[in-house]
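Taking it in order: structure first as structure tokens, then the write-up.
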Amino acid sequence: MERIERARRDVVIANRILAHQKVLDAYGHVSLRHPDDPQKYLLARSCSPGMVRTSDIVEFWLDGRPVSPETRPLYMERYIHGAVYERRPDVKAVLHSHAEDVLPFAISKTTRLRPVIQAVGDMGHDVPVWDIADRFGDDTNLLVLNMEQGRDLAACLACNRMALMRGHGFVAAGASVFDLVRLAVYVPRNARVLMAAMRMGEHRGLSKGEIDARLALDPDSPAMRRGWEFWAQEAGCDDLLAD
Ligand SMILES: [Zn+2]
């Protein structure tokens with residue numbers, strides 16, 4: 001199978017998994033950097049992630065223009081993806097989600113999201129919060145609608161795995177689509193565990209050394225990729241796994 005066809009199928013699988021796991025719902029999107037041209041990325045046309053098929057995958061330049069003429073509606077917030085790929089050559093997959101469990105941490109003035117369970121230790125040491133109002137004023141619709149806003153978000157993400165978006169959602173980056181999907185499945189679970197622990201009183205998250213140890217793991221090792229195949233089967237798209 002050609003690399004581009006494999007990549008298209010992987011974008012579909014990622015969409016289906018993240019919809020089935022409720023990281024995405026009718027909204028939000030996941031993309032993959034083009035396997036043969038780092039100046040392009042693959043993202044579905046505007047449709048709900050749980051319904052994405054390979055024929056829905058569109059190639060984009062990093063500035064958000066489709067590579068070929070496209071008459072179908074496109075995601076308004078696609079600029080998030082190109083801006084992250086532009087700033088981070090190490091990133092091969094990008095997710096934008098509105099997962100509800102994460103949202104309290106995107107508006108809290110006192111509590112930051114941080115890893116408290118081992119599966120998501122590679123969330124990293126810092127999860128910055130991007131506030132669109134800081135640079136674009138308090139009368140936007142909160143959506144990322146152009147490259148200027150996307151680049152400002154990518155600058156906040158900087159070298160981290162993910163950044164929260166105030167009153168909106170989050171963006172996450174992966175070294176591969178498998179790496180990104182595994183992290184993304186556990187991010188809302190980590191948020192739920194942290195919220196529950198906070199209600200119980202004092203708690204203890206991962207230490208700096210524990211986070212470093214998780215970050216040192218190979219994100220594409222067979223053990224780390226095990227979830228990809230399991231979740232693909234659960235989402236009913238294991239037929240797309242075969243080469
Ligand atoms: Zn959004």
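Following the order of the structure tokens, first chain is A, next is B, and so on, with residues numbered from 1 inside each chain and ligands from 1 in the order they appear.
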Write as a compact mmCIF listing (two decimals) with N, CA and C atoms, in the first residue's frame the residues around ligand 1, taking 12 Å as the cut-off and counting only C-alpha atoms and all ligand atoms.
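out.txt, freshly written:
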```txt
# COMPACT_ATOMS: atom_id res chain seq x y z
N LEU A 24 -13.84 13.27 20.84
CA LEU A 24 -14.48 14.14 19.85
C LEU A 24 -15.97 13.80 19.84
N ASP A 25 -16.80 14.77 19.46
CA ASP A 25 -18.21 14.44 19.25
C ASP A 25 -18.58 14.87 17.84
N ALA A 26 -19.61 15.67 17.67
CA ALA A 26 -19.92 16.14 16.32
C ALA A 26 -18.87 17.13 15.84
N TYR A 27 -18.11 17.67 16.78
CA TYR A 27 -17.12 18.70 16.46
C TYR A 27 -15.73 18.25 16.90
N GLY A 28 -14.72 19.04 16.50
CA GLY A 28 -13.33 18.69 16.76
C GLY A 28 -12.77 17.92 15.58
N HIS A 29 -11.43 17.85 15.49
CA HIS A 29 -10.81 17.18 14.34
C HIS A 29 -9.40 16.73 14.67
N VAL A 30 -8.94 15.75 13.88
CA VAL A 30 -7.59 15.20 14.05
C VAL A 30 -6.93 15.12 12.68
N TYR A 75 -13.33 22.47 7.54
CA TYR A 75 -13.36 22.89 8.94
C TYR A 75 -12.90 24.35 9.06
N MET A 76 -13.69 25.17 9.75
CA MET A 76 -13.31 26.58 9.93
C MET A 76 -12.01 26.71 10.73
N GLU A 77 -11.79 25.75 11.66
CA GLU A 77 -10.65 25.87 12.57
C GLU A 77 -9.43 25.07 12.11
N ARG A 78 -9.34 24.75 10.79
CA ARG A 78 -8.23 23.93 10.31
C ARG A 78 -6.88 24.62 10.51
N TYR A 79 -6.87 25.93 10.68
CA TYR A 79 -5.62 26.68 10.83
C TYR A 79 -4.83 26.23 12.07
N ILE A 80 -5.53 25.67 13.04
CA ILE A 80 -4.85 25.15 14.23
C ILE A 80 -3.78 24.14 13.80
N HIS A 81 -4.14 23.26 12.88
CA HIS A 81 -3.26 22.16 12.50
C HIS A 81 -2.01 22.65 11.78
N LEU A 95 -4.42 17.16 17.19
CA LEU A 95 -5.82 17.01 17.58
C LEU A 95 -6.35 18.32 18.14
N HIS A 96 -7.59 18.66 17.75
CA HIS A 96 -8.31 19.74 18.41
C HIS A 96 -9.61 19.17 18.93
N SER A 97 -9.84 19.29 20.24
CA SER A 97 -11.00 18.67 20.89
C SER A 97 -11.65 19.65 21.85
N HIS A 98 -12.96 19.43 22.07
CA HIS A 98 -13.72 20.22 23.05
C HIS A 98 -14.14 19.35 24.23
N ALA A 99 -13.42 18.25 24.50
CA ALA A 99 -13.83 17.28 25.51
C ALA A 99 -14.17 17.96 26.84
N GLU A 100 -15.40 17.70 27.30
CA GLU A 100 -15.95 18.43 28.44
C GLU A 100 -15.14 18.26 29.72
N LEU A 103 -12.49 20.86 30.14
CA LEU A 103 -12.84 22.28 30.09
C LEU A 103 -12.70 23.03 31.43
N ILE A 132 -7.54 33.43 23.87
CA ILE A 132 -7.62 34.16 22.61
C ILE A 132 -7.77 35.66 22.84
N ASN A 141 -15.40 35.15 18.57
CA ASN A 141 -16.33 34.03 18.84
C ASN A 141 -15.58 32.84 19.43
N LEU A 142 -14.34 33.03 19.83
CA LEU A 142 -13.46 32.05 20.47
C LEU A 142 -12.88 31.02 19.49
N LEU A 143 -13.35 31.01 18.24
CA LEU A 143 -12.85 30.04 17.26
C LEU A 143 -11.53 30.54 16.66
N VAL A 144 -10.69 29.58 16.23
CA VAL A 144 -9.41 29.91 15.58
C VAL A 144 -9.68 29.92 14.08
N LEU A 145 -9.79 31.12 13.51
CA LEU A 145 -10.33 31.26 12.16
C LEU A 145 -9.31 31.70 11.12
N GLY A 150 -3.99 30.91 14.73
CA GLY A 150 -3.39 29.60 14.85
C GLY A 150 -1.94 29.69 15.32
N LEU A 164 -4.33 24.03 26.58
CA LEU A 164 -5.76 24.26 26.72
C LEU A 164 -6.11 25.59 26.08
N MET A 165 -7.37 25.69 25.64
CA MET A 165 -7.86 26.93 25.02
C MET A 165 -9.00 27.45 25.89
N ARG A 166 -8.81 28.62 26.45
CA ARG A 166 -9.75 29.14 27.45
C ARG A 166 -11.20 29.16 26.91
N GLY A 167 -12.10 28.51 27.68
CA GLY A 167 -13.51 28.51 27.33
C GLY A 167 -13.84 27.77 26.05
N HIS A 168 -12.96 26.86 25.61
CA HIS A 168 -13.13 26.27 24.27
C HIS A 168 -12.76 24.78 24.23
N GLY A 169 -11.49 24.43 24.52
CA GLY A 169 -11.07 23.04 24.38
C GLY A 169 -9.58 22.91 24.53
N PHE A 170 -8.97 22.07 23.69
CA PHE A 170 -7.51 21.93 23.75
C PHE A 170 -6.95 21.50 22.41
N VAL A 171 -5.64 21.67 22.27
CA VAL A 171 -4.89 21.16 21.13
C VAL A 171 -3.82 20.24 21.69
```
Could you pull the residues within 8 Å of range 175-185 of chain A, counting only C-alpha atoms, minus those fewer than 5 positions along the same chain, as a ChimeraX atom specification?
-> /A:10-11,14,17-18,21,23,32,90-95,119-120,122-123,219-220,224-225,227-228
Residue selection dump (N, CA and C atoms) as a PDB file, in the first residue's frame:
```pdb
ATOM      1  N   ASP A  10      -5.179   5.912   8.225  1.00  0.00           N
ATOM      2  CA  ASP A  10      -4.870   6.176   9.634  1.00  0.00           C
ATOM      3  C   ASP A  10      -5.619   7.410  10.152  1.00  0.00           C
ATOM      4  N   VAL A  11      -5.803   8.410   9.300  1.00  0.00           N
ATOM      5  CA  VAL A  11      -6.581   9.582   9.722  1.00  0.00           C
ATOM      6  C   VAL A  11      -8.032   9.169   9.997  1.00  0.00           C
ATOM      7  N   ALA A  14      -8.115   7.255  13.294  1.00  0.00           N
ATOM      8  CA  ALA A  14      -7.956   8.188  14.421  1.00  0.00           C
ATOM      9  C   ALA A  14      -9.273   8.918  14.698  1.00  0.00           C
ATOM     10  N   ILE A  17     -11.762   6.335  16.259  1.00  0.00           N
ATOM     11  CA  ILE A  17     -11.404   5.997  17.643  1.00  0.00           C
ATOM     12  C   ILE A  17     -11.759   7.142  18.580  1.00  0.00           C
ATOM     13  N   LEU A  18     -11.351   8.341  18.224  1.00  0.00           N
ATOM     14  CA  LEU A  18     -11.528   9.467  19.151  1.00  0.00           C
ATOM     15  C   LEU A  18     -13.000   9.843  19.288  1.00  0.00           C
ATOM     16  N   GLN A  21     -14.398   7.052  21.599  1.00  0.00           N
ATOM     17  CA  GLN A  21     -13.930   7.254  22.966  1.00  0.00           C
ATOM     18  C   GLN A  21     -14.455   8.562  23.573  1.00  0.00           C
ATOM     19  N   VAL A  23     -13.681  11.560  22.895  1.00  0.00           N
ATOM     20  CA  VAL A  23     -12.736  12.680  22.933  1.00  0.00           C
ATOM     21  C   VAL A  23     -13.198  13.733  21.924  1.00  0.00           C
ATOM     22  N   LEU A  32      -3.035  14.502  10.257  1.00  0.00           N
ATOM     23  CA  LEU A  32      -1.743  13.818  10.158  1.00  0.00           C
ATOM     24  C   LEU A  32      -0.887  14.591   9.151  1.00  0.00           C
ATOM     25  N   ASP A  90       8.840  18.399  14.644  1.00  0.00           N
ATOM     26  CA  ASP A  90       8.798  17.070  15.273  1.00  0.00           C
ATOM     27  C   ASP A  90       7.382  16.502  15.332  1.00  0.00           C
ATOM     28  N   VAL A  91       6.382  17.329  15.119  1.00  0.00           N
ATOM     29  CA  VAL A  91       4.990  16.890  15.273  1.00  0.00           C
ATOM     30  C   VAL A  91       4.476  16.286  13.969  1.00  0.00           C
ATOM     31  N   LYS A  92       3.888  15.090  14.087  1.00  0.00           N
ATOM     32  CA  LYS A  92       3.355  14.392  12.910  1.00  0.00           C
ATOM     33  C   LYS A  92       1.828  14.272  12.947  1.00  0.00           C
ATOM     34  N   ALA A  93       1.202  14.555  14.104  1.00  0.00           N
ATOM     35  CA  ALA A  93      -0.258  14.448  14.211  1.00  0.00           C
ATOM     36  C   ALA A  93      -0.759  15.491  15.210  1.00  0.00           C
ATOM     37  N   VAL A  94      -1.937  16.059  14.907  1.00  0.00           N
ATOM     38  CA  VAL A  94      -2.493  17.143  15.735  1.00  0.00           C
ATOM     39  C   VAL A  94      -3.981  16.869  15.977  1.00  0.00           C
ATOM     40  N   LEU A  95      -4.418  17.159  17.192  1.00  0.00           N
ATOM     41  CA  LEU A  95      -5.821  17.010  17.581  1.00  0.00           C
ATOM     42  C   LEU A  95      -6.351  18.318  18.137  1.00  0.00           C
ATOM     43  N   ALA A 119      -0.603   6.494  32.615  1.00  0.00           N
ATOM     44  CA  ALA A 119      -0.835   6.357  31.174  1.00  0.00           C
ATOM     45  C   ALA A 119      -0.655   7.666  30.420  1.00  0.00           C
ATOM     46  N   VAL A 120      -0.764   8.751  31.151  1.00  0.00           N
ATOM     47  CA  VAL A 120      -0.706  10.052  30.489  1.00  0.00           C
ATOM     48  C   VAL A 120       0.449  10.901  31.050  1.00  0.00           C
ATOM     49  N   ASP A 122       3.228  11.253  29.851  1.00  0.00           N
ATOM     50  CA  ASP A 122       3.895  12.001  28.776  1.00  0.00           C
ATOM     51  C   ASP A 122       3.069  13.197  28.310  1.00  0.00           C
ATOM     52  N   MET A 123       2.017  13.543  29.065  1.00  0.00           N
ATOM     53  CA  MET A 123       1.376  14.847  28.859  1.00  0.00           C
ATOM     54  C   MET A 123       2.401  15.954  29.100  1.00  0.00           C
ATOM     55  N   PRO A 219       7.297   6.181  21.981  1.00  0.00           N
ATOM     56  CA  PRO A 219       5.845   6.251  21.800  1.00  0.00           C
ATOM     57  C   PRO A 219       5.318   5.288  20.737  1.00  0.00           C
ATOM     58  N   ASP A 220       6.221   4.739  19.901  1.00  0.00           N
ATOM     59  CA  ASP A 220       5.773   3.828  18.845  1.00  0.00           C
ATOM     60  C   ASP A 220       6.182   2.389  19.109  1.00  0.00           C
ATOM     61  N   MET A 224       3.178   0.519  23.434  1.00  0.00           N
ATOM     62  CA  MET A 224       2.499   1.809  23.381  1.00  0.00           C
ATOM     63  C   MET A 224       1.474   1.848  22.243  1.00  0.00           C
ATOM     64  N   ARG A 225       1.670   0.979  21.209  1.00  0.00           N
ATOM     65  CA  ARG A 225       0.740   0.966  20.083  1.00  0.00           C
ATOM     66  C   ARG A 225      -0.420  -0.008  20.282  1.00  0.00           C
ATOM     67  N   GLY A 227      -2.958  -0.039  22.159  1.00  0.00           N
ATOM     68  CA  GLY A 227      -4.278   0.583  22.247  1.00  0.00           C
ATOM     69  C   GLY A 227      -4.865   0.914  20.887  1.00  0.00           C
ATOM     70  N   TRP A 228      -4.017   1.326  19.947  1.00  0.00           N
ATOM     71  CA  TRP A 228      -4.476   1.720  18.604  1.00  0.00           C
ATOM     72  C   TRP A 228      -5.328   0.625  17.973  1.00  0.00           C
TER      73      TRP A 228
END
```
Alpha helix (DSSP H) positions in range 51-151 of chain A, given as a PDB file with N, CA and C atoms, in the first residue's frame:
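Done, and the output landed in states-v4.pdb:
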```pdb
ATOM      1  N   TYR A  79      -6.871  25.933  10.682  1.00  0.00           N
ATOM      2  CA  TYR A  79      -5.618  26.682  10.831  1.00  0.00           C
ATOM      3  C   TYR A  79      -4.831  26.232  12.069  1.00  0.00           C
ATOM      4  N   ILE A  80      -5.525  25.673  13.040  1.00  0.00           N
ATOM      5  CA  ILE A  80      -4.847  25.150  14.228  1.00  0.00           C
ATOM      6  C   ILE A  80      -3.784  24.143  13.803  1.00  0.00           C
ATOM      7  N   HIS A  81      -4.142  23.264  12.876  1.00  0.00           N
ATOM      8  CA  HIS A  81      -3.264  22.156  12.496  1.00  0.00           C
ATOM      9  C   HIS A  81      -2.009  22.654  11.782  1.00  0.00           C
ATOM     10  N   GLY A  82      -2.198  23.457  10.741  1.00  0.00           N
ATOM     11  CA  GLY A  82      -1.049  23.938   9.974  1.00  0.00           C
ATOM     12  C   GLY A  82      -0.106  24.776  10.816  1.00  0.00           C
ATOM     13  N   ALA A  83      -0.678  25.562  11.734  1.00  0.00           N
ATOM     14  CA  ALA A  83       0.156  26.423  12.573  1.00  0.00           C
ATOM     15  C   ALA A  83       1.052  25.585  13.489  1.00  0.00           C
ATOM     16  N   VAL A  84       0.514  24.472  13.997  1.00  0.00           N
ATOM     17  CA  VAL A  84       1.335  23.603  14.856  1.00  0.00           C
ATOM     18  C   VAL A  84       2.402  22.898  14.022  1.00  0.00           C
ATOM     19  N   TYR A  85       2.029  22.369  12.840  1.00  0.00           N
ATOM     20  CA  TYR A  85       3.026  21.701  11.981  1.00  0.00           C
ATOM     21  C   TYR A  85       4.125  22.677  11.563  1.00  0.00           C
ATOM     22  N   GLU A  86       3.743  23.921  11.314  1.00  0.00           N
ATOM     23  CA  GLU A  86       4.697  24.937  10.888  1.00  0.00           C
ATOM     24  C   GLU A  86       5.723  25.225  11.983  1.00  0.00           C
ATOM     25  N   ARG A  87       5.251  25.291  13.211  1.00  0.00           N
ATOM     26  CA  ARG A  87       6.146  25.648  14.318  1.00  0.00           C
ATOM     27  C   ARG A  87       6.933  24.457  14.842  1.00  0.00           C
ATOM     28  N   LEU A 103     -12.494  20.859  30.141  1.00  0.00           N
ATOM     29  CA  LEU A 103     -12.838  22.278  30.094  1.00  0.00           C
ATOM     30  C   LEU A 103     -12.702  23.025  31.426  1.00  0.00           C
ATOM     31  N   PRO A 104     -13.018  22.402  32.588  1.00  0.00           N
ATOM     32  CA  PRO A 104     -12.835  23.167  33.839  1.00  0.00           C
ATOM     33  C   PRO A 104     -11.410  23.700  34.000  1.00  0.00           C
ATOM     34  N   PHE A 105     -10.431  22.920  33.510  1.00  0.00           N
ATOM     35  CA  PHE A 105      -9.039  23.342  33.647  1.00  0.00           C
ATOM     36  C   PHE A 105      -8.671  24.436  32.641  1.00  0.00           C
ATOM     37  N   ALA A 106      -9.529  24.620  31.640  1.00  0.00           N
ATOM     38  CA  ALA A 106      -9.290  25.667  30.648  1.00  0.00           C
ATOM     39  C   ALA A 106      -9.866  27.007  31.091  1.00  0.00           C
ATOM     40  N   ILE A 107     -10.631  27.009  32.201  1.00  0.00           N
ATOM     41  CA  ILE A 107     -11.190  28.278  32.691  1.00  0.00           C
ATOM     42  C   ILE A 107     -10.773  28.583  34.130  1.00  0.00           C
ATOM     43  N   ILE A 132      -7.542  33.429  23.874  1.00  0.00           N
ATOM     44  CA  ILE A 132      -7.616  34.161  22.606  1.00  0.00           C
ATOM     45  C   ILE A 132      -7.771  35.661  22.839  1.00  0.00           C
ATOM     46  N   ALA A 133      -8.360  36.023  24.000  1.00  0.00           N
ATOM     47  CA  ALA A 133      -8.610  37.438  24.283  1.00  0.00           C
ATOM     48  C   ALA A 133      -7.325  38.217  24.538  1.00  0.00           C
ATOM     49  N   ASP A 134      -6.263  37.522  24.946  1.00  0.00           N
ATOM     50  CA  ASP A 134      -5.020  38.222  25.273  1.00  0.00           C
ATOM     51  C   ASP A 134      -4.512  39.028  24.084  1.00  0.00           C
ATOM     52  N   ARG A 135      -4.631  38.454  22.885  1.00  0.00           N
ATOM     53  CA  ARG A 135      -4.100  39.146  21.706  1.00  0.00           C
ATOM     54  C   ARG A 135      -5.198  39.628  20.760  1.00  0.00           C
ATOM     55  N   PHE A 136      -6.358  38.969  20.798  1.00  0.00           N
ATOM     56  CA  PHE A 136      -7.377  39.261  19.782  1.00  0.00           C
ATOM     57  C   PHE A 136      -8.636  39.905  20.368  1.00  0.00           C
ATOM     58  N   MET A 147      -4.642  32.023  10.202  1.00  0.00           N
ATOM     59  CA  MET A 147      -3.295  31.598  10.576  1.00  0.00           C
ATOM     60  C   MET A 147      -2.716  32.459  11.690  1.00  0.00           C
ATOM     61  N   GLU A 148      -3.101  33.709  11.751  1.00  0.00           N
ATOM     62  CA  GLU A 148      -2.569  34.580  12.812  1.00  0.00           C
ATOM     63  C   GLU A 148      -2.985  34.047  14.188  1.00  0.00           C
ATOM     64  N   GLN A 149      -4.250  33.663  14.287  1.00  0.00           N
ATOM     65  CA  GLN A 149      -4.726  33.091  15.551  1.00  0.00           C
ATOM     66  C   GLN A 149      -4.112  31.711  15.784  1.00  0.00           C
ATOM     67  N   GLY A 150      -3.994  30.914  14.726  1.00  0.00           N
ATOM     68  CA  GLY A 150      -3.390  29.595  14.854  1.00  0.00           C
ATOM     69  C   GLY A 150      -1.942  29.686  15.317  1.00  0.00           C
ATOM     70  N   ARG A 151      -1.203  30.623  14.755  1.00  0.00           N
ATOM     71  CA  ARG A 151       0.210  30.773  15.147  1.00  0.00           C
ATOM     72  C   ARG A 151       0.333  31.260  16.582  1.00  0.00           C
TER      73      ARG A 151
END
```
If you measure from CA of Trp61 in chain A to CA of Ala158 in chain A, what distance in Å do you get, rounded to one decimal?
->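 Calculated distance between CA of Trp61 in chain A and CA of Ala158 in chain A is 20.8 Å.
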Using only C-alpha atoms, which of the listed residues (A:Arg65, A:Arg53, A:Arg3, A:Arg16) sits closest to Pro35 in chain A?
-> A:Arg3
Please give the complete set of residues from range 26-214 of chain A that DSSP, run on the backbone, assigns to strand (DSSP E or B), formatted as a VMD selection string.
-> chain A and resid 29 to 33 40 to 44 57 to 61 66 93 to 97 129 to 130 162 to 165 169 to 174
Tell me, in Å to one decimal, how far CA of Arg192 in chain A is from CA of Val116 in chain A.
->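 Computing it gives 10.2 Å between the two atoms.
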Can you pull out every residue within 7 Å of Arg161 in chain A, counting only C-alpha atoms, but drop anything in the same chain fewer than 5 positions away, and send it as a PDB file with C-alpha atoms, in the first residue's frame?
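Resulting contents of selection-v9.pdb:
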```pdb
ATOM      1  CA  MET A 123       1.376  14.847  28.859  1.00  0.00           C
ATOM      2  CA  GLY A 124       4.522  16.584  30.116  1.00  0.00           C
ATOM      3  CA  ALA A 172      -2.567  18.153  21.416  1.00  0.00           C
ATOM      4  CA  ALA A 173       0.456  17.109  19.360  1.00  0.00           C
TER       5      ALA A 173
END
```
Provide the CA of Asp218 in chain A to CA of Ala235 in chain A distance in Å, to one decimal place.
-> 25.0 Å
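Nearest residue to Asn160 in chain A among A:His203, A:Ala19, A:Asn146, A:Gly174 is A:Gly174, counting only C-alpha atoms.
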Neighbour list for Lys40 in chain A as a ChimeraX atom specification, cut-off 8 Å, only C-alpha atoms, skip fewer than 2 positions in-chain = /A:33-34,37-38,42,59-62
Selection from above, N, CA and C atoms, as a PDB file, in the first residue's frame, can you write it?
```pdb
ATOM      1  N   ARG A  33       0.390  14.796   9.485  1.00  0.00           N
ATOM      2  CA  ARG A  33       1.281  15.428   8.512  1.00  0.00           C
ATOM      3  C   ARG A  33       1.428  14.487   7.309  1.00  0.00           C
ATOM      4  N   HIS A  34       1.506  15.045   6.115  1.00  0.00           N
ATOM      5  CA  HIS A  34       1.638  14.241   4.899  1.00  0.00           C
ATOM      6  C   HIS A  34       2.914  13.396   4.990  1.00  0.00           C
ATOM      7  N   ASP A  37       5.472  14.762   2.168  1.00  0.00           N
ATOM      8  CA  ASP A  37       5.726  16.193   2.000  1.00  0.00           C
ATOM      9  C   ASP A  37       5.391  16.915   3.310  1.00  0.00           C
ATOM     10  N   PRO A  38       6.402  17.301   4.086  1.00  0.00           N
ATOM     11  CA  PRO A  38       6.140  17.919   5.399  1.00  0.00           C
ATOM     12  C   PRO A  38       5.442  19.279   5.318  1.00  0.00           C
ATOM     13  N   LEU A  42      -2.983  16.106   6.212  1.00  0.00           N
ATOM     14  CA  LEU A  42      -4.219  15.428   5.827  1.00  0.00           C
ATOM     15  C   LEU A  42      -5.268  15.641   6.913  1.00  0.00           C
ATOM     16  N   GLU A  59      -6.073  17.059   1.314  1.00  0.00           N
ATOM     17  CA  GLU A  59      -4.695  17.507   1.555  1.00  0.00           C
ATOM     18  C   GLU A  59      -4.675  19.030   1.627  1.00  0.00           C
ATOM     19  N   PHE A  60      -3.982  19.543   2.649  1.00  0.00           N
ATOM     20  CA  PHE A  60      -3.876  20.989   2.841  1.00  0.00           C
ATOM     21  C   PHE A  60      -2.420  21.413   2.869  1.00  0.00           C
ATOM     22  N   TRP A  61      -2.149  22.623   2.375  1.00  0.00           N
ATOM     23  CA  TRP A  61      -0.879  23.280   2.657  1.00  0.00           C
ATOM     24  C   TRP A  61      -0.915  23.757   4.110  1.00  0.00           C
ATOM     25  N   LEU A  62       0.265  24.038   4.664  1.00  0.00           N
ATOM     26  CA  LEU A  62       0.305  24.416   6.083  1.00  0.00           C
ATOM     27  C   LEU A  62      -0.493  25.690   6.378  1.00  0.00           C
TER      28      LEU A  62
END
```
